[in-house]
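Trainee: I have a structure I would like to understand better, so I am pasting it below and will then ask my questions one at a time.
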There are 2 protein chains.
Amino acid sequence: MSAGEIDRLIGLLARLPGLGPRSARRAALHLLKRRESLMDPLMEALGAVAASVRLCPVCGTLDTRAPCSICADPRRDGTLICVVRDVADLWALERGGVFSGRYHVLGGLLSAIDGVGPEDLGLDRLAARVAEGPVVEVILALPATVEGQTTAHVIADLIEPKGITVSGLAQGVPVGGELDYLDDGTLTAALRARRPV
Amino acid sequence: MSAGEIDRLIGLLARLPGLGPRSARRAALHLLKRRESLMDPLMEALGAVAASVRLCPVCGTLDTRAPCSICADPRRDGTLICVVRDVADLWALERGGVFSGRYHVLGGLLSAIDGVGPEDLGLDRLAARVAEGPVVEVILALPATVEGQTTAHVIADLIEPKGITVSGLAQGVPVGGELDYLDDGTLTAALRARRPV
C-alpha cells in the first residue's frame with residue numbers, strides 16, 4: 001500500500017523501455033532511498049534537458065544547440081551526408097567514430113502498414129538539403145529490414161537524378177561472427193558481395 | 001555525439017536498477033520524444049514524491065503521511081506486528097492483502113560482513129514499540145537467507161522475554177511448485193513441517 005504519489009511515479013517509470021511494473025517499483029524505491037545522490041540530480045537533469053534540448057533544424061538530431069554541434073562543426077565533411085532512421089542510430093555511428101561527414105535523421109521509416117509516407121519523413125526537406133549544399137555522396141545507413149530497404153530505394157530514386165552518388169552500408173559477416181550461427185540471408189549476401197583479400 | 005545534458009541524464013538513468021548504459025540511452029531518447037506525455041509528468045511526479053514522501057516515524061515505511069496510512073488506520077490490528085526487511089517487502093505483503101496488522105520496516109538485515117549491527121537497524125526502537133503497545137504477536141517476515149535468519153533469531157531473543165509470541169513465515173513448497181524443480185533445502189523443510197491434509 002504505497003502512497004498515491006509513489007504509485008504515480010511507479011506508473012510513469014514503468015512506461016520507460018526496459019522497465020516493467022516490478023522493476024519500476026524497484027527503481028522508485030531506489031530513487032526514494034537516494035534522494036540527494038540520485039533523485040535530486042535526476043530531476044535537475046530532466047529539467048535541464050527539457051529546457052535546452054531541441055531538434056536541429058538542419059539534420060533533425062537532438063542537441064542543445066541549433067544547428068547542432070555536428071552541423072555547426074566546420075571540421076565535419078559537408079560533402080558527405082549519412083541518412084539514419086533516428087537519433088539512436090546517429091549516436092551508434094558517432095560512438096564508432098569513423099564517420100566524419102554530416103547526418104540526416106529521418107525520424108522513422110516508410111511503412112504502408114503504419115501509414116508513414118514520404119511527407120511524414122520530410123523526404124522533400126532531405127532532397128532540398130542535398131540540392132542546396134556541396135553534397136557529393138549520400139550514405140543510406142538504414143536498417144536491413146523491409147521498411148529500411150524500401151525507404152532506401154525511395155530516397156535513392158529521389159536523389160540519384162540530381163547526379164549525386166547514393167550508397168548503402170555493406171552487408172556481410174559481423175566482426176567476430178561465427179558462420180555457423182549466421183542466418184542464410186546474411187551468408188548469401190556476404191557470399192555475393194565477396195571481395196579480393 | 002549527444003549533448004552534455006543528455007549524457008548526464010543517460011548516466012543518471014543508468015544508475016537505476018534494471019537499466020544499463022544501453023537501455024538508459026533508449027530510455028532517455030524515449031523521454032525526449034515524449035515530452036508532454038511522459039517527461040513532464042515524470043518530472044512532476046519526482047517533484048511531488050520528493051516534496052511529500054517521508055519515513056513513517058512509527059514503522060519506518062515510506063508515505064506522504066506521518067504516521068503512515070497503515071499506522072494511522074484504526075481498522076488495522078494493533079496487536080499484530082509484521083517485521084520486514086524493507087519497504088518493497090511491505091508492498092509485496094500488502095499486494096497479497098491477507099495481513100491486517102501493522103508493520104515494522106528494519107531497513108536492512110544484520111550482517112557481520114557489511115558491518116550492520118543491531119543499532120543500525122534500530123532494534124531497540126522495535127523492542128520499545130513492542131513493549132509500549134498492545135502487541136500480542138510479532139511475525140518475522142524476513143528472507144530465508146543466513147542474514148535474514150540471523151536477524152530473526154536476534155529479534156526473537158530480544159522480544160520473547162517480554163512474553164510476546166514471535167513467529168516466522170512457513171517454509172515449504174510454493175503454490176504451483178513442481179517438486180522436481182525444488183532445491184533440497186526447501187524439500188527437506190517442507191517434509192519436516194508436514195501437516196495433516
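Ordering of the C-alpha cells sets the chain letters (A, B, ...), residue numbers begin anew at 1 in every chain, and ligands are numbered from 1 in the order given.
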Set out as JSON lines a contact list for region 38-60 of chain A and region 84-104 of chain A with a cut-off of 9 Å, giving each residue of region 38-60 of chain A that qualifies its closest atom pair and distance in Å to one decimal, counting only C-alpha atoms, ordered by chain and rising residue number.
Mentor:
```
{"residue": "A:Val58", "atom": "CA", "partner": "A:His104", "partner_atom": "CA", "distance": 7.9}
{"residue": "A:Cys59", "atom": "CA", "partner": "A:His104", "partner_atom": "CA", "distance": 4.5}
{"residue": "A:Gly60", "atom": "CA", "partner": "A:His104", "partner_atom": "CA", "distance": 6.4}
```
Trainee: Using only C-alpha atoms, which residues of chain A come within 8 Å of chain B, and what is the closest atom pair for each, with the distance in Å to one decimal? Give it as CSV, sorted by chain and residue number.
Mentor:
```
residue,atom,partner,partner_atom,distance
A:Met1,CA,B:Glu94,CA,5.6
A:Ser2,CA,B:Asp63,CA,6.6
A:Ala3,CA,B:Asp63,CA,5.5
A:Glu5,CA,B:Val49,CA,5.7
A:Ile6,CA,B:Val49,CA,6.3
A:Arg8,CA,B:Ala45,CA,6.6
A:Leu9,CA,B:Ala45,CA,5.3
A:Leu12,CA,B:Leu42,CA,6.1
A:Leu13,CA,B:Leu42,CA,7.6
A:Leu16,CA,B:Ala27,CA,5.6
A:Pro17,CA,B:Ala27,CA,5.7
A:Gly18,CA,B:Ser23,CA,6.4
A:Leu19,CA,B:Gly18,CA,6.9
A:Ser23,CA,B:Gly18,CA,6.4
A:Arg25,CA,B:Ala88,CA,7.8
A:Arg26,CA,B:Pro17,CA,6.8
A:Ala27,CA,B:Leu16,CA,5.6
A:Leu29,CA,B:Ala88,CA,7.4
A:His30,CA,B:Leu16,CA,7.0
A:Leu31,CA,B:Leu16,CA,7.7
A:Leu32,CA,B:Ala50,CA,7.8
A:Arg35,CA,B:Ala50,CA,7.5
A:Leu38,CA,B:Leu12,CA,7.0
A:Met39,CA,B:Leu46,CA,7.5
A:Pro41,CA,B:Leu12,CA,7.6
A:Leu42,CA,B:Leu12,CA,6.1
A:Met43,CA,B:Met43,CA,6.1
A:Ala45,CA,B:Leu9,CA,5.3
A:Leu46,CA,B:Leu9,CA,6.6
A:Gly47,CA,B:Met43,CA,7.4
A:Ala48,CA,B:Glu5,CA,6.5
A:Val49,CA,B:Glu5,CA,5.7
A:Ala50,CA,B:Arg35,CA,7.5
A:Val53,CA,B:Glu5,CA,8.0
A:Leu62,CA,B:Ser2,CA,7.4
A:Asp63,CA,B:Ala3,CA,5.5
A:Thr64,CA,B:Ala3,CA,6.3
A:Val87,CA,B:Leu29,CA,7.8
A:Ala88,CA,B:Leu29,CA,7.4
A:Leu90,CA,B:Met1,CA,7.9
A:Trp91,CA,B:Met1,CA,5.7
A:Glu94,CA,B:Met1,CA,5.6
A:Arg95,CA,B:Met1,CA,7.2
```
Trainee: I'd like the neighbourhood of Ser111 (chain A) as a PyMOL selection string, where a residue qualifies if any of its atoms comes within 12 Å (using only C-alpha atoms), though same-chain residues fewer than 2 positions away should be ignored.
Mentor: chain A and resi 108-109+113-121+145-151+154
Trainee: Could you pull out all residues of region 126-155 of chain B with a DSSP call of alpha helix (DSSP H) and give them as a list in words?
Mentor: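 In region 126-155 of chain B, DSSP puts these residues in alpha helix (DSSP H): Leu126, Ala127, Ala128, Arg129, Val130, Ala131, Glu132, Val146, Glu147, Gly148, Gln149, Thr150, Thr151, Ala152, His153, Val154 and Ile155 of chain B.
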Trainee: Given the selection you just returned, output its residues as a file containing N, CA, C and O atoms, formatted as a compact mmCIF listing (two decimals), in the first residue's frame.
Mentor:
```txt
# COMPACT_ATOMS: atom_id res chain seq x y z
N LEU B 126 12.40 -1.08 17.90
CA LEU B 126 11.38 -2.12 17.73
C LEU B 126 10.98 -2.69 19.08
O LEU B 126 9.78 -2.85 19.37
N ALA B 127 11.98 -2.98 19.93
CA ALA B 127 11.69 -3.56 21.25
C ALA B 127 10.84 -2.60 22.07
O ALA B 127 9.87 -3.00 22.74
N ALA B 128 11.16 -1.30 22.01
CA ALA B 128 10.40 -0.30 22.76
C ALA B 128 8.97 -0.23 22.25
O ALA B 128 8.02 -0.15 23.04
N ARG B 129 8.81 -0.28 20.92
CA ARG B 129 7.48 -0.19 20.33
C ARG B 129 6.63 -1.38 20.78
O ARG B 129 5.45 -1.24 21.12
N VAL B 130 7.26 -2.57 20.78
CA VAL B 130 6.54 -3.78 21.17
C VAL B 130 6.16 -3.72 22.64
O VAL B 130 5.06 -4.12 23.05
N ALA B 131 7.08 -3.18 23.48
CA ALA B 131 6.83 -3.12 24.92
C ALA B 131 5.71 -2.13 25.25
O ALA B 131 4.88 -2.37 26.13
N GLU B 132 5.68 -1.02 24.52
CA GLU B 132 4.69 0.04 24.78
C GLU B 132 3.28 -0.37 24.42
O GLU B 132 2.33 -0.15 25.17
N VAL B 146 20.87 -16.54 5.25
CA VAL B 146 21.63 -16.56 6.51
C VAL B 146 21.41 -15.26 7.28
O VAL B 146 21.09 -15.27 8.47
N GLU B 147 21.54 -14.11 6.58
CA GLU B 147 21.35 -12.82 7.25
C GLU B 147 19.93 -12.69 7.80
O GLU B 147 19.72 -12.21 8.91
N GLY B 148 18.95 -13.11 6.98
CA GLY B 148 17.55 -12.99 7.40
C GLY B 148 17.29 -13.81 8.64
O GLY B 148 16.65 -13.33 9.60
N GLN B 149 17.79 -15.04 8.66
CA GLN B 149 17.51 -15.91 9.80
C GLN B 149 18.31 -15.49 11.04
O GLN B 149 17.82 -15.61 12.16
N THR B 150 19.53 -14.96 10.84
CA THR B 150 20.29 -14.42 11.97
C THR B 150 19.52 -13.27 12.60
O THR B 150 19.35 -13.20 13.83
N THR B 151 19.05 -12.35 11.75
CA THR B 151 18.29 -11.21 12.24
C THR B 151 17.04 -11.68 12.99
O THR B 151 16.70 -11.15 14.06
N ALA B 152 16.37 -12.70 12.44
CA ALA B 152 15.16 -13.22 13.08
C ALA B 152 15.48 -13.75 14.47
O ALA B 152 14.74 -13.47 15.44
N HIS B 153 16.59 -14.49 14.61
CA HIS B 153 16.94 -15.03 15.93
C HIS B 153 17.25 -13.94 16.93
O HIS B 153 16.83 -14.00 18.09
N VAL B 154 17.98 -12.90 16.48
CA VAL B 154 18.33 -11.80 17.39
C VAL B 154 17.06 -11.09 17.86
O VAL B 154 16.91 -10.77 19.05
N ILE B 155 16.12 -10.86 16.93
CA ILE B 155 14.88 -10.18 17.31
C ILE B 155 14.06 -11.05 18.26
O ILE B 155 13.50 -10.56 19.24
```
Trainee: Just to confirm, what's the straight-line distance from CA of Glu178 (chain B) to CA of Ala144 (chain B) in Å (one decimal)?
Mentor: 19.4 Å
Trainee: As an exercise, work out the distance from CA of Leu142 (chain A) to CA of Val83 (chain A) in Å and give it to one decimal place.
Mentor: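 So the answer is 7.2 Å.
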Trainee: Taking the DSSP assignment computed from this structure's backbone, write out as a list in words all residues of chain A that belong to strand (DSSP E).
Mentor: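 Matching residues, listed in order: Arg54, Leu55, Leu62, Asp63, Asp77, Gly78, Thr79, Leu80, Ile81, Cys82, Val83, Val84, Gly101, Arg102, Tyr103, His104, Val105, Glu137, Val138, Ile139, Leu140, Ala141, Thr165, Val166, Ser167 and Gly168 of chain A.
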Trainee: Any idea what's packed within 12 Å of Leu187 (chain B), counting only C-alpha atoms, ignoring anything in its chain fewer than 6 positions away? Could you give it as an mmCIF file with N, CA, C and O atoms, in the first residue's frame?
Mentor:
```cif
data_model
loop_
_atom_site.group_PDB
_atom_site.id
_atom_site.type_symbol
_atom_site.label_atom_id
_atom_site.label_comp_id
_atom_site.auth_asym_id
_atom_site.auth_seq_id
_atom_site.Cartn_x
_atom_site.Cartn_y
_atom_site.Cartn_z
ATOM 1 N N GLN B 171 7.934 -22.302 5.845
ATOM 2 C CA GLN B 171 8.754 -22.668 4.696
ATOM 3 C C GLN B 171 8.175 -23.920 4.076
ATOM 4 O O GLN B 171 7.717 -24.816 4.787
ATOM 5 N N GLY B 172 8.178 -24.008 2.759
ATOM 6 C CA GLY B 172 7.640 -25.199 2.110
ATOM 7 C C GLY B 172 7.559 -25.025 0.616
ATOM 8 O O GLY B 172 8.221 -24.163 0.041
ATOM 9 N N VAL B 173 6.724 -25.857 -0.003
ATOM 10 C CA VAL B 173 6.586 -25.859 -1.457
ATOM 11 C C VAL B 173 5.787 -24.623 -1.879
ATOM 12 O O VAL B 173 4.711 -24.388 -1.341
ATOM 13 N N PRO B 174 6.280 -23.804 -2.823
ATOM 14 C CA PRO B 174 5.495 -22.661 -3.299
ATOM 15 C C PRO B 174 4.227 -23.136 -3.995
ATOM 16 O O PRO B 174 4.207 -24.239 -4.554
ATOM 17 N N GLY B 177 4.214 -25.049 -7.281
ATOM 18 C CA GLY B 177 5.591 -25.518 -7.438
ATOM 19 C C GLY B 177 5.677 -26.996 -7.779
ATOM 20 O O GLY B 177 4.936 -27.813 -7.239
ATOM 21 N N GLU B 178 6.571 -27.338 -8.696
ATOM 22 C CA GLU B 178 6.831 -28.730 -9.047
ATOM 23 C C GLU B 178 7.925 -29.246 -8.117
ATOM 24 O O GLU B 178 8.976 -28.615 -7.987
ATOM 25 N N LEU B 179 7.715 -30.403 -7.485
ATOM 26 C CA LEU B 179 8.720 -30.942 -6.562
ATOM 27 C C LEU B 179 10.053 -31.140 -7.266
ATOM 28 O O LEU B 179 11.121 -30.920 -6.702
ATOM 29 N N ASP B 180 9.964 -31.554 -8.533
ATOM 30 C CA ASP B 180 11.145 -31.885 -9.314
ATOM 31 C C ASP B 180 12.119 -30.706 -9.431
ATOM 32 O O ASP B 180 13.322 -30.884 -9.561
ATOM 33 N N TYR B 181 11.570 -29.481 -9.423
ATOM 34 C CA TYR B 181 12.411 -28.305 -9.639
ATOM 35 C C TYR B 181 12.848 -27.648 -8.335
ATOM 36 O O TYR B 181 13.589 -26.675 -8.360
ATOM 37 N N ALA B 193 8.045 -29.998 8.051
ATOM 38 C CA ALA B 193 6.900 -29.219 8.534
ATOM 39 C C ALA B 193 5.597 -29.766 7.974
ATOM 40 O O ALA B 193 4.623 -29.039 7.848
ATOM 41 N N ARG B 194 5.568 -31.068 7.638
ATOM 42 C CA ARG B 194 4.354 -31.654 7.031
ATOM 43 C C ARG B 194 3.187 -31.548 8.004
ATOM 44 O O ARG B 194 3.367 -31.495 9.225
#
```
